[in-house]
file upload_12.pdb (PDB, C-alpha atoms)
ATOM      1  CA  MET T1386      61.827-150.025  75.752  1.00  0.00           C
ATOM      2  CA  PRO T1387      60.259-147.476  73.377  1.00  0.00           C
ATOM      3  CA  ILE T1388      59.844-148.355  69.719  1.00  0.00           C
ATOM      4  CA  PRO T1389      60.021-145.782  66.926  1.00  0.00           C
ATOM      5  CA  LEU T1390      57.116-145.418  64.497  1.00  0.00           C
ATOM      6  CA  VAL T1391      56.764-143.359  61.338  1.00  0.00           C
ATOM      7  CA  MET T1392      53.295-142.093  60.426  1.00  0.00           C
ATOM      8  CA  THR T1393      51.889-140.369  57.410  1.00  0.00           C
ATOM      9  CA  ILE T1394      48.631-138.481  57.739  1.00  0.00           C
ATOM     10  CA  ILE T1395      46.355-136.844  55.221  1.00  0.00           C
ATOM     11  CA  SER T1396      42.938-135.288  55.582  1.00  0.00           C
ATOM     12  CA  PRO T1397      40.797-132.478  54.303  1.00  0.00           C
ATOM     13  CA  ASP T1398      42.163-129.489  56.208  1.00  0.00           C
ATOM     14  CA  ARG T1399      40.403-128.488  59.395  1.00  0.00           C
ATOM     15  CA  THR T1400      41.262-127.150  62.813  1.00  0.00           C
ATOM     16  CA  GLY T1401      42.479-129.682  65.375  1.00  0.00           C
ATOM     17  CA  LEU T1402      44.017-132.354  63.141  1.00  0.00           C
ATOM     18  CA  VAL T1403      47.519-132.145  64.594  1.00  0.00           C
ATOM     19  CA  GLU T1404      46.157-131.890  68.120  1.00  0.00           C
ATOM     20  CA  SER T1405      44.092-135.075  67.704  1.00  0.00           C
ATOM     21  CA  VAL T1406      47.137-137.080  66.584  1.00  0.00           C
ATOM     22  CA  ALA T1407      49.355-135.478  69.252  1.00  0.00           C
ATOM     23  CA  ARG T1408      46.778-136.306  71.931  1.00  0.00           C
ATOM     24  CA  ALA T1409      46.614-139.961  70.826  1.00  0.00           C
ATOM     25  CA  VAL T1410      50.412-140.234  70.948  1.00  0.00           C
ATOM     26  CA  ALA T1411      50.673-138.530  74.353  1.00  0.00           C
ATOM     27  CA  ASP T1412      47.742-140.482  75.840  1.00  0.00           C
ATOM     28  CA  HIS T1413      49.665-143.679  75.082  1.00  0.00           C
ATOM     29  CA  GLY T1414      52.957-142.524  76.617  1.00  0.00           C
ATOM     30  CA  GLY T1415      54.490-141.622  73.272  1.00  0.00           C
ATOM     31  CA  ASN T1416      57.043-138.975  72.475  1.00  0.00           C
ATOM     32  CA  TRP T1417      56.730-136.855  69.301  1.00  0.00           C
ATOM     33  CA  LEU T1418      60.275-136.791  67.841  1.00  0.00           C
ATOM     34  CA  GLU T1419      60.034-134.951  64.527  1.00  0.00           C
ATOM     35  CA  SER T1420      57.550-134.021  61.827  1.00  0.00           C
ATOM     36  CA  ARG T1421      56.943-132.162  58.578  1.00  0.00           C
ATOM     37  CA  MET T1422      53.376-131.042  57.960  1.00  0.00           C
ATOM     38  CA  CYS T1423      51.566-128.557  55.762  1.00  0.00           C
ATOM     39  CA  ARG T1424      48.367-127.651  53.991  1.00  0.00           C
ATOM     40  CA  LEU T1425      48.423-128.024  50.224  1.00  0.00           C
ATOM     41  CA  GLY T1426      45.265-126.946  48.447  1.00  0.00           C
ATOM     42  CA  GLY T1427      42.423-128.037  50.703  1.00  0.00           C
ATOM     43  CA  GLU T1428      44.313-131.038  52.069  1.00  0.00           C
ATOM     44  CA  PHE T1429      46.520-131.305  55.129  1.00  0.00           C
ATOM     45  CA  ALA T1430      49.372-133.805  54.969  1.00  0.00           C
ATOM     46  CA  GLY T1431      52.252-134.737  57.167  1.00  0.00           C
ATOM     47  CA  ILE T1432      54.839-137.244  58.138  1.00  0.00           C
ATOM     48  CA  LEU T1433      55.978-137.713  61.704  1.00  0.00           C
ATOM     49  CA  ARG T1434      58.182-139.927  63.796  1.00  0.00           C
ATOM     50  CA  VAL T1435      57.283-140.886  67.354  1.00  0.00           C
ATOM     51  CA  GLU T1436      58.481-143.268  70.053  1.00  0.00           C
ATOM     52  CA  ILE T1437      55.945-145.305  71.961  1.00  0.00           C
ATOM     53  CA  PRO T1438      56.336-147.881  74.738  1.00  0.00           C
ATOM     54  CA  ALA T1439      56.206-151.295  73.025  1.00  0.00           C
ATOM     55  CA  GLU T1440      53.362-152.476  75.255  1.00  0.00           C
ATOM     56  CA  LYS T1441      51.189-149.491  74.199  1.00  0.00           C
ATOM     57  CA  LYS T1442      51.642-149.788  70.438  1.00  0.00           C
ATOM     58  CA  SER T1443      48.479-151.831  69.894  1.00  0.00           C
ATOM     59  CA  ALA T1444      46.360-149.392  71.909  1.00  0.00           C
ATOM     60  CA  LEU T1445      47.825-146.437  69.976  1.00  0.00           C
ATOM     61  CA  LEU T1446      47.041-148.112  66.653  1.00  0.00           C
ATOM     62  CA  THR T1447      43.443-148.602  67.806  1.00  0.00           C
ATOM     63  CA  ALA T1448      43.188-144.949  68.860  1.00  0.00           C
ATOM     64  CA  LEU T1449      44.565-143.846  65.478  1.00  0.00           C
ATOM     65  CA  GLN T1450      42.038-146.087  63.687  1.00  0.00           C
ATOM     66  CA  ASN T1451      39.277-144.317  65.619  1.00  0.00           C
ATOM     67  CA  LEU T1452      40.557-140.991  64.256  1.00  0.00           C
ATOM     68  CA  GLN T1453      40.108-142.340  60.741  1.00  0.00           C
ATOM     69  CA  ALA T1454      36.337-142.322  61.282  1.00  0.00           C
ATOM     70  CA  ASN T1455      36.619-138.518  61.091  1.00  0.00           C
ATOM     71  CA  GLY T1456      38.224-138.585  57.622  1.00  0.00           C
ATOM     72  CA  LEU T1457      41.846-138.664  58.744  1.00  0.00           C
ATOM     73  CA  GLN T1458      43.891-141.240  56.818  1.00  0.00           C
ATOM     74  CA  ILE T1459      46.856-142.559  58.805  1.00  0.00           C
ATOM     75  CA  LEU T1460      49.536-145.024  57.757  1.00  0.00           C
ATOM     76  CA  VAL T1461      51.855-146.286  60.516  1.00  0.00           C
ATOM     77  CA  ARG T1462      55.103-148.184  59.975  1.00  0.00           C
ATOM     78  CA  ASP T1463      57.732-149.444  62.362  1.00  0.00           C
ATOM     79  CA  ASP T1464      60.948-147.458  62.083  1.00  0.00           C
ATOM     80  CA  ALA T1465      63.223-150.393  62.829  1.00  0.00           C
ATOM     81  CA  SER T1466      66.126-149.098  60.794  1.00  0.00           C
ATOM     82  CA  ALA T1467      69.190-147.856  62.569  1.00  0.00           C
ATOM     83  CA  PRO T1468      70.066-144.264  61.758  1.00  0.00           C
ATOM     84  CA  ALA T1469      72.021-144.341  58.523  1.00  0.00           C
ATOM     85  CA  LYS T1470      75.598-143.196  58.658  1.00  0.00           C
ATOM     86  CA  ILE T1471      75.713-140.036  56.613  1.00  0.00           C
ATOM     87  CA  SER T1472      78.585-139.918  54.186  1.00  0.00           C
ATOM     88  CA  GLY T1473      79.378-137.296  51.625  1.00  0.00           C
ATOM     89  CA  ARG T1474      78.438-133.664  51.777  1.00  0.00           C
ATOM     90  CA  GLN T1475      75.152-131.921  52.486  1.00  0.00           C
ATOM     91  CA  THR T1476      74.253-128.861  50.466  1.00  0.00           C
ATOM     92  CA  THR T1477      71.241-126.978  49.188  1.00  0.00           C
ATOM     93  CA  LEU T1478      69.768-126.304  45.786  1.00  0.00           C
ATOM     94  CA  GLU T1479      67.526-123.343  45.017  1.00  0.00           C
ATOM     95  CA  ILE T1480      65.443-122.945  41.880  1.00  0.00           C
ATOM     96  CA  VAL T1481      63.518-119.841  40.791  1.00  0.00           C
ATOM     97  CA  GLY T1482      61.934-119.095  37.440  1.00  0.00           C
ATOM     98  CA  SER T1483      58.816-118.873  35.348  1.00  0.00           C
ATOM     99  CA  ASP T1484      56.590-121.810  36.109  1.00  0.00           C
ATOM    100  CA  ARG T1485      56.279-124.498  33.480  1.00  0.00           C
ATOM    101  CA  PRO T1486      55.708-128.250  33.440  1.00  0.00           C
ATOM    102  CA  GLY T1487      58.795-130.420  33.846  1.00  0.00           C
ATOM    103  CA  ILE T1488      61.002-128.346  36.141  1.00  0.00           C
ATOM    104  CA  VAL T1489      60.960-130.831  39.025  1.00  0.00           C
ATOM    105  CA  ARG T1490      61.245-133.802  36.658  1.00  0.00           C
ATOM    106  CA  GLU T1491      64.335-132.412  34.903  1.00  0.00           C
ATOM    107  CA  ILE T1492      66.133-131.306  38.068  1.00  0.00           C
ATOM    108  CA  SER T1493      65.359-134.511  39.984  1.00  0.00           C
ATOM    109  CA  ALA T1494      66.501-136.635  37.024  1.00  0.00           C
ATOM    110  CA  ALA T1495      69.880-134.853  37.008  1.00  0.00           C
ATOM    111  CA  LEU T1496      70.231-135.393  40.758  1.00  0.00           C
ATOM    112  CA  ALA T1497      69.345-139.086  40.441  1.00  0.00           C
ATOM    113  CA  ARG T1498      71.872-139.590  37.621  1.00  0.00           C
ATOM    114  CA  ALA T1499      74.561-138.180  39.925  1.00  0.00           C
ATOM    115  CA  GLY T1500      73.506-140.424  42.823  1.00  0.00           C
ATOM    116  CA  VAL T1501      72.362-137.453  44.916  1.00  0.00           C
ATOM    117  CA  ASN T1502      69.803-138.115  47.658  1.00  0.00           C
ATOM    118  CA  VAL T1503      67.071-135.492  48.055  1.00  0.00           C
ATOM    119  CA  GLU T1504      66.571-135.299  51.819  1.00  0.00           C
ATOM    120  CA  GLU T1505      64.055-132.480  51.850  1.00  0.00           C
ATOM    121  CA  PHE T1506      62.239-130.668  49.061  1.00  0.00           C
ATOM    122  CA  SER T1507      59.871-127.717  49.250  1.00  0.00           C
ATOM    123  CA  SER T1508      58.298-125.897  46.319  1.00  0.00           C
ATOM    124  CA  GLU T1509      55.588-123.383  45.531  1.00  0.00           C
ATOM    125  CA  VAL T1510      54.163-121.359  42.665  1.00  0.00           C
ATOM    126  CA  THR T1511      53.589-117.705  43.480  1.00  0.00           C
ATOM    127  CA  SER T1512      52.771-114.555  41.584  1.00  0.00           C
ATOM    128  CA  ALA T1513      55.863-112.657  40.413  1.00  0.00           C
ATOM    129  CA  PRO T1514      56.048-109.189  42.045  1.00  0.00           C
ATOM    130  CA  MET T1515      56.297-107.049  38.908  1.00  0.00           C
ATOM    131  CA  SER T1516      54.755-109.095  36.097  1.00  0.00           C
ATOM    132  CA  GLY T1517      52.205-111.156  37.993  1.00  0.00           C
ATOM    133  CA  GLU T1518      53.236-114.269  36.024  1.00  0.00           C
ATOM    134  CA  ASN T1519      53.472-117.615  37.808  1.00  0.00           C
ATOM    135  CA  LEU T1520      56.855-117.960  39.482  1.00  0.00           C
ATOM    136  CA  PHE T1521      58.177-121.381  40.521  1.00  0.00           C
ATOM    137  CA  LYS T1522      60.363-121.506  43.628  1.00  0.00           C
ATOM    138  CA  ALA T1523      61.975-124.580  45.189  1.00  0.00           C
ATOM    139  CA  VAL T1524      64.561-125.350  47.836  1.00  0.00           C
ATOM    140  CA  ALA T1525      66.087-128.781  48.337  1.00  0.00           C
ATOM    141  CA  ARG T1526      68.439-130.173  50.954  1.00  0.00           C
ATOM    142  CA  LEU T1527      70.721-132.654  49.243  1.00  0.00           C
ATOM    143  CA  GLN T1528      73.145-135.347  50.318  1.00  0.00           C
ATOM    144  CA  LEU T1529      75.948-135.587  47.760  1.00  0.00           C
ATOM    145  CA  PRO T1530      77.611-139.007  47.624  1.00  0.00           C
ATOM    146  CA  PRO T1531      81.361-139.136  48.369  1.00  0.00           C
ATOM    147  CA  ARG T1532      82.232-139.888  44.746  1.00  0.00           C
ATOM    148  CA  CYS T1533      79.891-137.309  43.222  1.00  0.00           C
ATOM    149  CA  ASP T1534      81.389-135.508  40.212  1.00  0.00           C
ATOM    150  CA  HIS T1535      80.468-132.005  41.423  1.00  0.00           C
ATOM    151  CA  ALA T1536      81.629-130.280  38.249  1.00  0.00           C
ATOM    152  CA  ALA T1537      79.585-132.576  36.001  1.00  0.00           C
ATOM    153  CA  LEU T1538      76.493-132.159  38.187  1.00  0.00           C
ATOM    154  CA  GLN T1539      76.941-128.373  38.216  1.00  0.00           C
ATOM    155  CA  LYS T1540      77.224-128.374  34.411  1.00  0.00           C
ATOM    156  CA  ASP T1541      74.148-130.593  34.042  1.00  0.00           C
ATOM    157  CA  LEU T1542      72.083-128.323  36.346  1.00  0.00           C
ATOM    158  CA  GLU T1543      73.257-125.193  34.505  1.00  0.00           C
ATOM    159  CA  LYS T1544      72.217-126.705  31.152  1.00  0.00           C
ATOM    160  CA  ILE T1545      68.780-127.598  32.521  1.00  0.00           C
ATOM    161  CA  ALA T1546      68.424-124.096  33.998  1.00  0.00           C
ATOM    162  CA  ALA T1547      69.216-122.527  30.619  1.00  0.00           C
ATOM    163  CA  ASP T1548      66.811-124.860  28.780  1.00  0.00           C
ATOM    164  CA  LEU T1549      63.966-124.226  31.243  1.00  0.00           C
ATOM    165  CA  LEU T1550      64.722-120.519  31.749  1.00  0.00           C
ATOM    166  CA  VAL T1551      65.097-120.834  35.513  1.00  0.00           C
ATOM    167  CA  ASP T1552      67.829-119.767  37.922  1.00  0.00           C
ATOM    168  CA  VAL T1553      69.530-122.587  39.796  1.00  0.00           C
ATOM    169  CA  VAL T1554      71.763-121.871  42.774  1.00  0.00           C
ATOM    170  CA  PHE T1555      73.895-124.900  43.580  1.00  0.00           C
ATOM    171  CA  ASP T1556      77.223-124.786  45.359  1.00  0.00           C
ATOM    172  CA  PRO T1557      78.529-128.284  46.127  1.00  0.00           C
ATOM    173  CA  ALA T1558      81.290-126.777  48.279  1.00  0.00           C
ATOM    174  CA  ALA T1559      78.723-125.156  50.580  1.00  0.00           C
ATOM    175  CA  GLY T1560      77.125-127.038  53.450  1.00  0.00           C
ATOM    176  CA  LYS T1561      78.647-129.606  55.766  1.00  0.00           C
TER     177      LYS T1561
END
call {"tool": "encode", "arguments": {"input": "upload_12.pdb", "output": "C-alpha cells"}}
result
Amino acid sequence: MPIPLVMTIISPDRTGLVESVARAVADHGGNWLESRMCRLGGEFAGILRVEIPAEKKSALLTALQNLQANGLQILVRDDASAPAKISGRQTTLEIVGSDRPGIVREISAALARAGVNVEEFSSEVTSAPMSGENLFKAVARLQLPPRCDHAALQKDLEKIAADLLVDVVFDPAAGK
C-alpha cells in the first residue's frame, strides 16, 4: 500500500534540481502527486507531495540524502492526515499597490482575525509601467470559515487598503 509523503526542497538554483528529485521518486516506484516550486532570488524552493510503496520509503530517504551532498536541502514528512473536509467558501484576494513594508503583515493579520485560512499565496514586486516605482502584487486563495462575518472582513480589508494605499479586490460571494 503506498504511503503519502510531503517534501520541502531548497537549493541554490541550477539546472536539473527538479529532475534529480523526480528521478529519485520514480526510481523507487513513487508517484508525484502535486507540487509548488519556484525560483526566488538565487534560490530554488518547492514543496511536493508524493506516494511511495511503504517498503521503498527507506531506500528513497537514502537516495534523497545522497542528493543533499550536492547542496540540495530536503525535509521529508509522512502525510498521514486524512484529507480535511473543506467547509465554508473558497474565494480569492488580490492586492496591488505601491510597495512598502507591512502590506502582507496587515492583510494576513486581518485574515487571521476573521478565521480565514490562506491556502495559497503568491506575491511579487515589479516595476510599475508608467512611473517605474516598485509595485506590489499579490494573489491569495482563501478558505472562508462558515461563520465568517464577510461584511466585517470586507470593511477591515478596505480600511487597510486605504491606510496602505493599495487596491484590494475581495469578493466573499465569489468562488465556490
call {"tool": "axis_aligned_box", "arguments": {"input": "upload_12.pdb", "around": "region 1474-1480 of chain T", "padding_each_side": "3 Å", "output": "JSON"}}
result
{"center_x": 71.9, "center_y": -128.3, "center_z": 47.2, "size_x": 19.0, "size_y": 16.7, "size_z": 16.6}
call {"tool": "closest_residue", "arguments": {"input": "upload_12.pdb", "among": "T:Glu1509, T:Leu1529, T:Ser1493, T:Gln1450", "to": "Leu1542 (chain T)", "atoms": "only C-alpha atoms"}}
result
T:Ser1493
call {"tool": "closest_residue", "arguments": {"input": "upload_12.pdb", "among": "T:Gly1414, T:Val1510, T:Ser1443, T:Glu1504", "to": "Gly1426 (chain T)", "atoms": "only C-alpha atoms"}}
result
T:Val1510
call {"tool": "resolve_selection", "arguments": {"input": "upload_12.pdb", "expression": "the PyMOL selection byres ((chain T and resi 1432-1439) around 8)", "output": "ChimeraX atom specification"}}
result
/T:1386-1394,1410,1413-1422,1430-1431,1440-1442
call {"tool": "resolve_selection", "arguments": {"input": "upload_12.pdb", "expression": "the PyMOL selection byres ((chain T and resi 1558) around 10)", "output": "MDAnalysis selection string"}}
result
chainID T and resid 1474:1476 1535 1555:1557 1559:1561
call {"tool": "atom_distance", "arguments": {"input": "upload_12.pdb", "atom1": "CA of Ala1497 (chain T)", "atom2": "CA of Gln1528 (chain T)"}}
result
11.2 Å
call {"tool": "atom_distance", "arguments": {"input": "upload_12.pdb", "atom1": "CA of Ala1513 (chain T)", "atom2": "CA of Glu1428 (chain T)"}}
result
24.6 Å
call {"tool": "atom_distance", "arguments": {"input": "upload_12.pdb", "atom1": "CA of Glu1479 (chain T)", "atom2": "CA of Val1554 (chain T)"}}
result
5.0 Å
call {"tool": "residues_around", "arguments": {"input": "upload_12.pdb", "residues": "Phe1429 (chain T)", "least_positions_apart": "6", "cutoff": "9 Å", "atoms": "only C-alpha atoms", "output": "PyMOL selection string"}}
result
chain T and resi 1394-1399+1402+1422-1423
call {"tool": "resolve_selection", "arguments": {"input": "upload_12.pdb", "expression": "the PyMOL selection byres ((chain T and resi 1485) around 10)", "output": "PyMOL selection string"}}
result
chain T and resi 1482-1484+1486-1489+1510+1519-1521+1549-1551
call {"tool": "residues_around", "arguments": {"input": "upload_12.pdb", "residues": "Asp1541 (chain T)", "least_positions_apart": "2", "cutoff": "12 Å", "atoms": "all atoms listed in the file", "output": "ChimeraX atom specification"}}
result
/T:1491-1499,1534-1539,1543-1548,1553,1555
call {"tool": "closest_residue", "arguments": {"input": "upload_12.pdb", "among": "T:Lys1522, T:Arg1532, T:Arg1424, T:Arg1408", "to": "Leu1449 (chain T)", "atoms": "only C-alpha atoms"}}
result
T:Arg1408
